[in-house]
>>> print(open('work-v8.cif').read())   # mmCIF, C-alpha atoms
data_model
loop_
_atom_site.label_atom_id
_atom_site.label_comp_id
_atom_site.auth_asym_id
_atom_site.auth_seq_id
_atom_site.Cartn_x
_atom_site.Cartn_y
_atom_site.Cartn_z
CA ALA A 267 -47.97 -42.70 15.91
CA ASP A 268 -44.78 -44.13 14.45
CA ALA A 269 -44.37 -41.05 12.21
CA ASP A 270 -44.81 -38.70 15.19
CA LYS A 271 -42.24 -40.67 17.16
CA LYS A 272 -39.75 -40.37 14.23
CA ILE A 273 -40.31 -36.61 14.02
CA THR A 274 -39.74 -36.16 17.75
CA MET A 275 -36.57 -38.24 17.50
CA VAL A 276 -35.20 -36.26 14.56
CA THR A 277 -35.99 -32.76 15.85
CA PRO A 278 -34.67 -32.28 19.43
CA PRO A 279 -36.28 -29.70 21.69
CA LEU A 280 -35.37 -26.05 21.08
CA ARG A 281 -33.96 -25.61 24.58
CA LEU A 282 -31.49 -28.46 24.10
CA LEU A 283 -30.53 -27.14 20.68
CA LEU A 284 -29.83 -23.65 22.04
CA SER A 285 -27.92 -25.00 25.02
CA LYS A 286 -25.11 -26.25 22.77
CA PRO A 287 -22.19 -23.74 22.76
CA ASN A 288 -21.42 -23.97 19.04
CA VAL A 289 -25.04 -23.23 18.16
CA THR A 290 -25.36 -20.28 20.54
CA LYS A 291 -22.24 -18.64 19.14
CA ARG A 292 -23.58 -18.79 15.62
CA LEU A 293 -27.00 -17.47 16.49
CA SER A 294 -27.26 -13.74 15.96
CA LEU A 295 -29.41 -11.31 17.88
CA GLY A 296 -31.78 -11.07 14.95
CA CYS A 297 -32.54 -14.79 15.18
CA LEU A 298 -33.12 -14.52 18.92
CA SER A 299 -35.53 -11.62 18.49
CA THR A 300 -37.38 -13.56 15.78
CA LEU A 301 -37.77 -16.48 18.14
CA ASP A 302 -39.12 -14.13 20.83
CA ARG A 303 -41.74 -12.71 18.49
CA ALA A 304 -42.75 -16.16 17.26
CA SER A 305 -43.32 -17.55 20.75
CA ASN A 306 -46.66 -17.11 22.58
CA ASN A 307 -47.16 -14.25 25.02
CA THR A 308 -48.32 -16.62 27.77
CA MET A 309 -45.29 -18.90 27.45
CA ILE A 310 -41.72 -17.95 28.44
CA SER A 311 -39.52 -17.43 25.36
CA PRO A 312 -36.65 -19.91 24.99
CA ALA A 313 -34.38 -17.10 23.77
CA SER A 314 -35.22 -14.80 26.69
CA SER A 315 -34.81 -17.63 29.20
CA LEU A 316 -31.47 -18.48 27.65
CA MET A 317 -30.39 -14.80 27.82
CA SER A 318 -31.35 -14.67 31.50
CA GLN A 319 -29.38 -17.85 32.25
CA SER A 320 -26.17 -17.08 30.28
CA PRO A 321 -24.25 -13.96 31.41
CA LEU A 322 -21.99 -14.26 28.37
CA LEU A 323 -24.92 -13.77 26.02
CA GLN A 324 -26.11 -10.85 28.10
CA GLN A 325 -22.74 -9.14 27.70
CA GLN A 326 -22.74 -9.87 23.97
CA TYR A 327 -26.25 -8.44 23.69
CA ARG A 328 -25.21 -5.32 25.60
CA TYR A 329 -22.06 -4.54 23.55
CA LYS A 330 -23.13 -5.89 20.18
CA SER A 331 -24.07 -2.45 18.82
CA LEU A 332 -20.85 -0.73 19.96
CA THR A 333 -18.53 0.49 17.25
CA LYS A 334 -14.75 0.22 17.39
CA THR A 335 -14.43 3.81 18.56
CA LYS A 336 -16.94 3.31 21.37
CA ARG A 337 -15.22 0.13 22.45
CA ARG A 338 -11.90 1.95 22.51
CA GLN A 339 -13.42 4.73 24.60
CA ARG A 340 -14.93 2.16 26.96
CA ASP A 341 -11.52 0.50 27.41
CA LYS A 342 -9.97 3.88 28.15
CA MET A 343 -12.57 4.62 30.79
CA LYS A 344 -11.96 1.25 32.41
CA GLU A 345 -8.21 1.90 32.45
CA ARG A 346 -8.76 5.33 34.02
CA GLU A 347 -11.02 3.86 36.69
CA ARG A 348 -8.39 1.24 37.45
CA ARG A 349 -5.67 3.88 37.79
CA VAL A 350 -7.83 6.05 40.04
CA ALA A 351 -8.66 3.06 42.22
CA ALA A 352 -4.94 2.30 42.52
CA GLY A 353 -4.20 5.88 43.63
CA LEU A 354 -2.58 6.96 40.36
CA PRO A 355 -3.52 9.92 38.13
CA ALA A 356 -6.24 9.18 35.62
CA LYS A 357 -4.02 9.79 32.58
CA PRO A 358 -0.37 8.67 32.43
CA LYS A 359 2.19 11.41 31.83
CA PRO A 360 4.23 11.45 28.60
CA PRO A 361 7.76 10.04 28.67
CA LYS A 362 9.59 13.42 28.61
CA TYR A 363 7.12 15.32 30.76
CA ILE A 364 8.45 18.43 32.53
CA PRO A 365 6.26 20.02 35.21
CA LYS A 366 5.32 23.65 34.71
CA ASP A 367 6.43 24.68 38.18
CA LEU A 368 9.93 23.19 37.73
CA PRO A 369 12.49 26.04 37.91
CA VAL A 370 14.81 26.37 34.90
CA ILE A 371 18.42 26.95 35.92
CA ASN A 372 20.86 28.18 33.28
CA ALA A 373 24.31 26.67 33.55
CA MET A 374 25.93 29.83 32.18
CA THR A 375 25.03 33.47 32.12
CA ARG A 376 24.52 35.30 28.85
CA GLN A 377 27.79 37.21 29.22
CA ASP A 378 29.72 33.97 29.68
CA ARG A 379 28.06 32.43 26.64
CA ASP A 380 28.87 35.49 24.49
CA ALA A 381 32.48 35.44 25.66
CA GLU A 382 32.74 31.72 24.86
CA SER A 383 31.27 32.30 21.41
CA VAL A 384 33.77 35.06 20.66
CA SER A 385 36.72 32.96 21.82
CA PHE A 386 35.51 30.02 19.72
CA ASP A 387 35.23 32.23 16.62
CA VAL A 388 38.76 33.57 17.15
CA SER A 389 40.26 30.09 17.61
CA SER A 390 38.44 28.71 14.55
CA ALA A 391 39.62 31.69 12.45
CA VAL A 392 43.23 31.11 13.52
CA GLU A 393 42.95 27.41 12.70
CA MET A 394 41.50 28.17 9.27
CA LYS A 395 44.29 30.67 8.51
CA GLU A 396 46.90 28.07 9.37
CA LYS A 397 45.32 25.56 6.99
CA ILE A 398 45.16 28.13 4.20
CA ASN A 399 48.82 29.05 4.73
CA THR A 400 49.88 25.41 4.54
CA GLN A 401 47.96 25.07 1.28
CA ASN A 402 49.63 28.15 -0.18
CA GLU A 403 53.08 26.85 0.77
CA GLN A 404 52.55 23.75 -1.33
CA GLU A 405 53.37 23.65 -5.03
CA ASP A 406 50.95 25.13 -7.52
CA THR A 407 48.23 22.81 -8.74
CA LEU A 408 48.86 21.49 -12.24
CA ARG A 409 46.41 20.25 -14.79
CA PHE A 410 45.53 16.57 -15.32
CA GLY A 411 46.85 15.63 -11.86
CA PHE A 412 50.55 16.09 -12.72
CA ASP A 413 51.44 17.47 -9.28
CA GLY A 414 54.72 16.32 -7.73
CA LEU A 415 56.40 15.31 -11.00
CA VAL A 416 59.84 16.54 -12.08
CA MET A 417 59.56 18.55 -15.31
CA SER A 418 61.09 21.48 -17.07
CA ASP A 419 59.81 25.04 -16.65
CA ARG A 420 58.40 25.07 -20.17
CA VAL A 421 56.30 21.96 -19.56
CA ARG A 422 55.22 23.31 -16.17
CA LYS A 423 53.93 26.49 -17.82
CA LEU A 424 51.95 24.43 -20.30
CA LEU A 425 50.38 22.42 -17.45
CA ASP A 426 49.72 25.46 -15.27
CA LEU A 427 46.15 25.87 -14.10
CA LYS A 428 46.03 29.37 -15.59
CA ASN A 429 45.89 27.74 -19.01
CA GLY A 430 43.11 25.37 -17.97
CA SER A 431 39.42 25.55 -18.72
CA GLN A 432 36.77 26.93 -16.42
CA LYS A 433 35.77 23.41 -15.41
CA GLU A 434 39.31 22.59 -14.31
CA VAL A 435 39.56 25.82 -12.31
CA VAL A 436 36.26 25.16 -10.52
CA THR A 437 37.26 21.55 -9.77
CA SER A 438 40.56 22.72 -8.29
CA GLN A 439 38.84 25.33 -6.13
CA LYS A 440 36.34 22.75 -4.94
CA ARG A 441 39.11 20.30 -4.01
CA ARG A 442 41.09 22.93 -2.11
CA GLY A 443 37.99 24.05 -0.21
CA MET A 444 37.13 20.46 0.73
CA GLU A 445 40.66 19.90 2.03
CA LEU A 446 40.17 22.68 4.59
CA PHE A 447 37.32 20.82 6.32
CA GLN A 448 38.44 17.21 5.87
CA LEU A 449 38.38 15.04 8.98
CA ARG A 450 40.99 12.69 7.46
CA GLU A 451 42.91 12.24 4.26
CA GLY A 452 40.61 11.65 1.30
CA ASP A 453 37.44 12.57 3.22
CA THR A 454 34.65 13.41 0.77
CA GLY A 455 31.51 12.43 2.69
CA SER A 456 31.51 14.32 5.99
CA SER A 457 28.83 16.97 6.45
CA ALA A 458 31.22 19.95 6.35
CA VAL A 459 32.83 18.70 3.14
CA GLN A 460 29.40 18.20 1.55
CA VAL A 461 28.45 21.79 2.41
CA VAL A 462 31.65 23.09 0.79
CA ALA A 463 31.02 21.04 -2.36
CA LEU A 464 27.41 22.22 -2.60
CA THR A 465 28.44 25.84 -2.02
CA THR A 466 30.98 25.63 -4.85
CA ARG A 467 28.34 24.28 -7.22
CA ILE A 468 25.84 26.92 -6.08
CA GLN A 469 28.32 29.73 -6.75
CA GLN A 470 28.98 28.32 -10.20
CA LEU A 471 25.27 28.25 -11.01
CA GLN A 472 24.79 31.74 -9.60
CA THR A 473 27.40 33.03 -12.02
CA HIS A 474 25.62 31.22 -14.85
CA MET A 475 22.22 32.62 -13.87
CA ALA A 476 23.56 36.17 -13.74
CA LYS A 477 24.34 35.86 -17.45
CA HIS A 478 21.43 33.64 -18.54
CA LYS A 479 18.44 34.87 -16.56
CA LYS A 480 15.84 32.92 -18.54
CA ASP A 481 17.39 29.51 -18.02
CA LYS A 482 14.52 28.01 -16.04
CA SER A 483 15.94 24.47 -15.79
CA SER A 484 19.19 25.73 -14.24
CA LYS A 485 17.14 27.86 -11.85
CA ARG A 486 15.24 24.76 -10.77
CA GLY A 487 18.48 22.86 -10.18
CA LEU A 488 19.85 25.82 -8.19
CA ASP A 489 16.79 25.78 -5.92
CA ALA A 490 17.26 22.05 -5.36
CA LEU A 491 20.89 22.65 -4.33
CA TYR A 492 19.74 25.31 -1.87
CA VAL A 493 17.39 22.77 -0.27
CA ARG A 494 20.09 20.09 -0.07
CA ARG A 495 22.56 22.46 1.57
CA ARG A 496 19.96 23.66 4.05
CA LYS A 497 19.13 20.08 5.05
CA VAL A 498 22.80 19.22 5.61
CA LEU A 499 23.27 22.41 7.66
CA ASP A 500 20.21 21.58 9.77
CA TYR A 501 21.65 18.13 10.44
CA MET A 502 25.00 19.63 11.43
CA GLU A 503 23.28 22.12 13.73
CA ARG A 504 21.61 19.24 15.57
CA LYS A 505 24.50 16.78 15.67
CA ASP A 506 27.78 18.74 15.51
CA PHE A 507 27.27 22.36 16.40
CA GLU A 508 30.97 23.31 16.53
CA SER A 509 31.72 22.24 12.96
CA TYR A 510 28.44 23.87 11.92
CA ARG A 511 29.63 27.21 13.33
CA LYS A 512 32.99 26.84 11.60
CA VAL A 513 31.43 26.16 8.22
CA VAL A 514 28.90 28.99 8.49
CA LYS A 515 31.53 31.51 9.61
CA SER A 516 34.11 30.45 7.01
CA LEU A 517 31.75 30.39 4.04
CA GLY A 518 29.82 33.48 5.16
CA LEU A 519 26.41 31.80 4.96
CA ALA A 520 23.32 33.61 6.22
CA ARG A 521 21.73 31.39 8.89
#
>>> encode(input="work-v8.cif", output="structure tokens")
Amino acid sequence: ADADKKITMVTPPLRLLLSKPNVTKRLSLGCLSTLDRASNNTMISPASSLMSQSPLLQQQYRYKSLTKTKRRQRDKMKERERRVAAGLPAKPKPPKYIPKDLPVINAMTRQDRDAESVSFDVSSAVEMKEKINTQNEQEDTLRFGFDGLVMSDRVRKLLDLKNGSQKEVVTSQKRRGMELFQLREGDTGSSAVQVVALTTRIQQLQTHMAKHKKDKSSKRGLDALYVRRRKVLDYMERKDFESYRKVVKSLGLAR
């Protein structure tokens, strides 16, 4: 009798054990089903009685087998039902939504746009001619950066760019072309100046490839320069369309 009393004191009833919240959270559905099968058919199962009493466990039992995708779909359906109940459309519209029946009104006619384009091309051509004339009025470019120094005619002939190498000639042409599109003095990083620099390098490689047709590494570098110039032109077309038009018209690029 004393041993039975000790056993009953050590092992509490199953209903009290399952009524504790920390124990019920740790119990899985497999354990509950095992308890149901182990209990007698005539007696009421502790697990089933606990499921009928606790709505939280019923909800866990209902949605335990749902995957993440199904749970996400269920949340969407609940949100749609809430919106419909509030008198809103079931699905929210995107941020920049434009209705199909909204009439599109052009600010300018096609004739006006063509006339504006022609006038812009004429003004940009006049501006470019003025810059070229101012460059030609300056003194001739000398080698090694000796421009602006006082020297005799014999020394000036020695330092003339006509006696320079091909690299010096290309560098001088590149510098003069970049000066035409500079936004300020010493500008070397604006988009238009980058396009001029890349075009100069591309023309140099094109001349090289015309002579050495089997130079595959130079051909690969030339293709990379094409891609870089196209990316810069695409950026200019999005951000600064006027300078983009000037560069394309002046350099004669096919766009």
>>> resolve_selection(input="work-v8.cif", expression="the PyMOL selection byres ((chain A and resi 487-497) around 7)", output="list in words")
Val461, Leu464, Ile468, Leu471, Ser483, Ser484, Lys485, Arg486, Val498, Leu499, Asp500 and Tyr501 of chain A
>>> atom_distance(input="work-v8.cif", atom1="atom CA of Gln460 of chain A", atom2="atom CA of Glu445 of chain A")
11.4 Å
>>> atom_distance(input="work-v8.cif", atom1="atom CA of Arg409 of chain A", atom2="atom CA of Asp453 of chain A")
21.5 Å
>>> residues_around(input="work-v8.cif", residues="Ser456 of chain A", least_positions_apart="6", cutoff="9 Å", atoms="all atoms listed in the file", output="PyMOL selection string")
chain A and resi 447-449
>>> atom_distance(input="work-v8.cif", atom1="atom CA of Gly452 of chain A", atom2="atom CA of Met417 of chain A")
26.1 Å
>>> residues_around(input="work-v8.cif", residues="Glu393 of chain A", least_positions_apart="4", cutoff="12 Å", atoms="only C-alpha atoms", output="ChimeraX atom specification")
/A:386-389,397-400,446-447,512,516
>>> residues_near_point(input="work-v8.cif", point="(29.1, 31.5, 11.9)", cutoff="12 Å", atoms="only C-alpha atoms", output="PDB file with C-alpha atoms, in the coordinates of the input")
ATOM      1  CA  SER A 383      31.270  32.300  21.410  1.00  0.00           C
ATOM      2  CA  VAL A 384      33.770  35.060  20.660  1.00  0.00           C
ATOM      3  CA  PHE A 386      35.510  30.020  19.720  1.00  0.00           C
ATOM      4  CA  ASP A 387      35.230  32.230  16.620  1.00  0.00           C
ATOM      5  CA  VAL A 388      38.760  33.570  17.150  1.00  0.00           C
ATOM      6  CA  SER A 390      38.440  28.710  14.550  1.00  0.00           C
ATOM      7  CA  ALA A 391      39.620  31.690  12.450  1.00  0.00           C
ATOM      8  CA  LEU A 499      23.270  22.410   7.660  1.00  0.00           C
ATOM      9  CA  GLU A 503      23.280  22.120  13.730  1.00  0.00           C
ATOM     10  CA  PHE A 507      27.270  22.360  16.400  1.00  0.00           C
ATOM     11  CA  GLU A 508      30.970  23.310  16.530  1.00  0.00           C
ATOM     12  CA  SER A 509      31.720  22.240  12.960  1.00  0.00           C
ATOM     13  CA  TYR A 510      28.440  23.870  11.920  1.00  0.00           C
ATOM     14  CA  ARG A 511      29.630  27.210  13.330  1.00  0.00           C
ATOM     15  CA  LYS A 512      32.990  26.840  11.600  1.00  0.00           C
ATOM     16  CA  VAL A 513      31.430  26.160   8.220  1.00  0.00           C
ATOM     17  CA  VAL A 514      28.900  28.990   8.490  1.00  0.00           C
ATOM     18  CA  LYS A 515      31.530  31.510   9.610  1.00  0.00           C
ATOM     19  CA  SER A 516      34.110  30.450   7.010  1.00  0.00           C
ATOM     20  CA  LEU A 517      31.750  30.390   4.040  1.00  0.00           C
ATOM     21  CA  GLY A 518      29.820  33.480   5.160  1.00  0.00           C
ATOM     22  CA  LEU A 519      26.410  31.800   4.960  1.00  0.00           C
ATOM     23  CA  ALA A 520      23.320  33.610   6.220  1.00  0.00           C
ATOM     24  CA  ARG A 521      21.730  31.390   8.890  1.00  0.00           C
TER      25      ARG A 521
END
>>> closest_residue(input="work-v8.cif", among="A:Pro355, A:Gln470, A:Leu332, A:Asp481", to="Gln432 of chain A", atoms="all atoms listed in the file")
A:Gln470
>>> resolve_selection(input="work-v8.cif", expression="the PyMOL selection byres ((chain A and resi 426) around 8)", output="short mmCIF file (atom, residue, chain, number, x, y, z; two decimals) with C-alpha atoms, keeping the file's coordinate frame")
data_model
loop_
_atom_site.label_atom_id
_atom_site.label_comp_id
_atom_site.auth_asym_id
_atom_site.auth_seq_id
_atom_site.Cartn_x
_atom_site.Cartn_y
_atom_site.Cartn_z
CA ASP A 406 50.95 25.13 -7.52
CA THR A 407 48.23 22.81 -8.74
CA LEU A 408 48.86 21.49 -12.24
CA ARG A 409 46.41 20.25 -14.79
CA ARG A 422 55.22 23.31 -16.17
CA LYS A 423 53.93 26.49 -17.82
CA LEU A 424 51.95 24.43 -20.30
CA LEU A 425 50.38 22.42 -17.45
CA LEU A 427 46.15 25.87 -14.10
CA LYS A 428 46.03 29.37 -15.59
CA ASN A 429 45.89 27.74 -19.01
CA GLY A 430 43.11 25.37 -17.97
#
>>> build_atoms(input="work-v8.cif", residues="segment 408-419 of chain A", atoms="N, CA, C and O atoms", output="PDB file, in the frame of the given file")
ATOM      1  N   LEU A 408      48.699  21.644 -10.795  1.00  0.00           N
ATOM      2  CA  LEU A 408      48.860  21.490 -12.240  1.00  0.00           C
ATOM      3  C   LEU A 408      47.648  20.777 -12.825  1.00  0.00           C
ATOM      4  O   LEU A 408      46.874  20.131 -12.115  1.00  0.00           O
ATOM      5  N   ARG A 409      47.520  20.892 -14.101  1.00  0.00           N
ATOM      6  CA  ARG A 409      46.410  20.250 -14.790  1.00  0.00           C
ATOM      7  C   ARG A 409      46.644  18.752 -14.912  1.00  0.00           C
ATOM      8  O   ARG A 409      47.769  18.263 -14.846  1.00  0.00           O
ATOM      9  N   PHE A 410      45.530  18.014 -15.065  1.00  0.00           N
ATOM     10  CA  PHE A 410      45.530  16.570 -15.320  1.00  0.00           C
ATOM     11  C   PHE A 410      46.180  15.772 -14.191  1.00  0.00           C
ATOM     12  O   PHE A 410      46.594  14.626 -14.385  1.00  0.00           O
ATOM     13  N   GLY A 411      46.296  16.364 -12.982  1.00  0.00           N
ATOM     14  CA  GLY A 411      46.850  15.630 -11.860  1.00  0.00           C
ATOM     15  C   GLY A 411      48.339  15.368 -11.946  1.00  0.00           C
ATOM     16  O   GLY A 411      48.815  14.341 -11.431  1.00  0.00           O
ATOM     17  N   PHE A 412      49.109  16.276 -12.567  1.00  0.00           N
ATOM     18  CA  PHE A 412      50.550  16.090 -12.720  1.00  0.00           C
ATOM     19  C   PHE A 412      51.332  16.720 -11.572  1.00  0.00           C
ATOM     20  O   PHE A 412      52.511  17.063 -11.748  1.00  0.00           O
ATOM     21  N   ASP A 413      50.739  16.865 -10.415  1.00  0.00           N
ATOM     22  CA  ASP A 413      51.440  17.470  -9.280  1.00  0.00           C
ATOM     23  C   ASP A 413      52.523  16.522  -8.766  1.00  0.00           C
ATOM     24  O   ASP A 413      52.348  15.303  -8.726  1.00  0.00           O
ATOM     25  N   GLY A 414      53.645  17.117  -8.339  1.00  0.00           N
ATOM     26  CA  GLY A 414      54.720  16.320  -7.730  1.00  0.00           C
ATOM     27  C   GLY A 414      55.666  15.685  -8.715  1.00  0.00           C
ATOM     28  O   GLY A 414      56.563  14.937  -8.291  1.00  0.00           O
ATOM     29  N   LEU A 415      55.500  15.911 -10.012  1.00  0.00           N
ATOM     30  CA  LEU A 415      56.400  15.310 -11.000  1.00  0.00           C
ATOM     31  C   LEU A 415      57.536  16.281 -11.339  1.00  0.00           C
ATOM     32  O   LEU A 415      57.377  17.507 -11.287  1.00  0.00           O
ATOM     33  N   VAL A 416      58.675  15.732 -11.678  1.00  0.00           N
ATOM     34  CA  VAL A 416      59.840  16.540 -12.080  1.00  0.00           C
ATOM     35  C   VAL A 416      59.717  16.842 -13.565  1.00  0.00           C
ATOM     36  O   VAL A 416      59.612  15.930 -14.392  1.00  0.00           O
ATOM     37  N   MET A 417      59.716  18.121 -13.917  1.00  0.00           N
ATOM     38  CA  MET A 417      59.560  18.550 -15.310  1.00  0.00           C
ATOM     39  C   MET A 417      60.240  19.883 -15.501  1.00  0.00           C
ATOM     40  O   MET A 417      60.572  20.593 -14.539  1.00  0.00           O
ATOM     41  N   SER A 418      60.439  20.220 -16.736  1.00  0.00           N
ATOM     42  CA  SER A 418      61.090  21.480 -17.070  1.00  0.00           C
ATOM     43  C   SER A 418      60.117  22.639 -16.865  1.00  0.00           C
ATOM     44  O   SER A 418      58.901  22.452 -16.745  1.00  0.00           O
ATOM     45  N   ASP A 419      60.650  23.857 -16.850  1.00  0.00           N
ATOM     46  CA  ASP A 419      59.810  25.040 -16.650  1.00  0.00           C
ATOM     47  C   ASP A 419      58.847  25.250 -17.811  1.00  0.00           C
ATOM     48  O   ASP A 419      57.704  25.708 -17.621  1.00  0.00           O
TER      49      ASP A 419
END
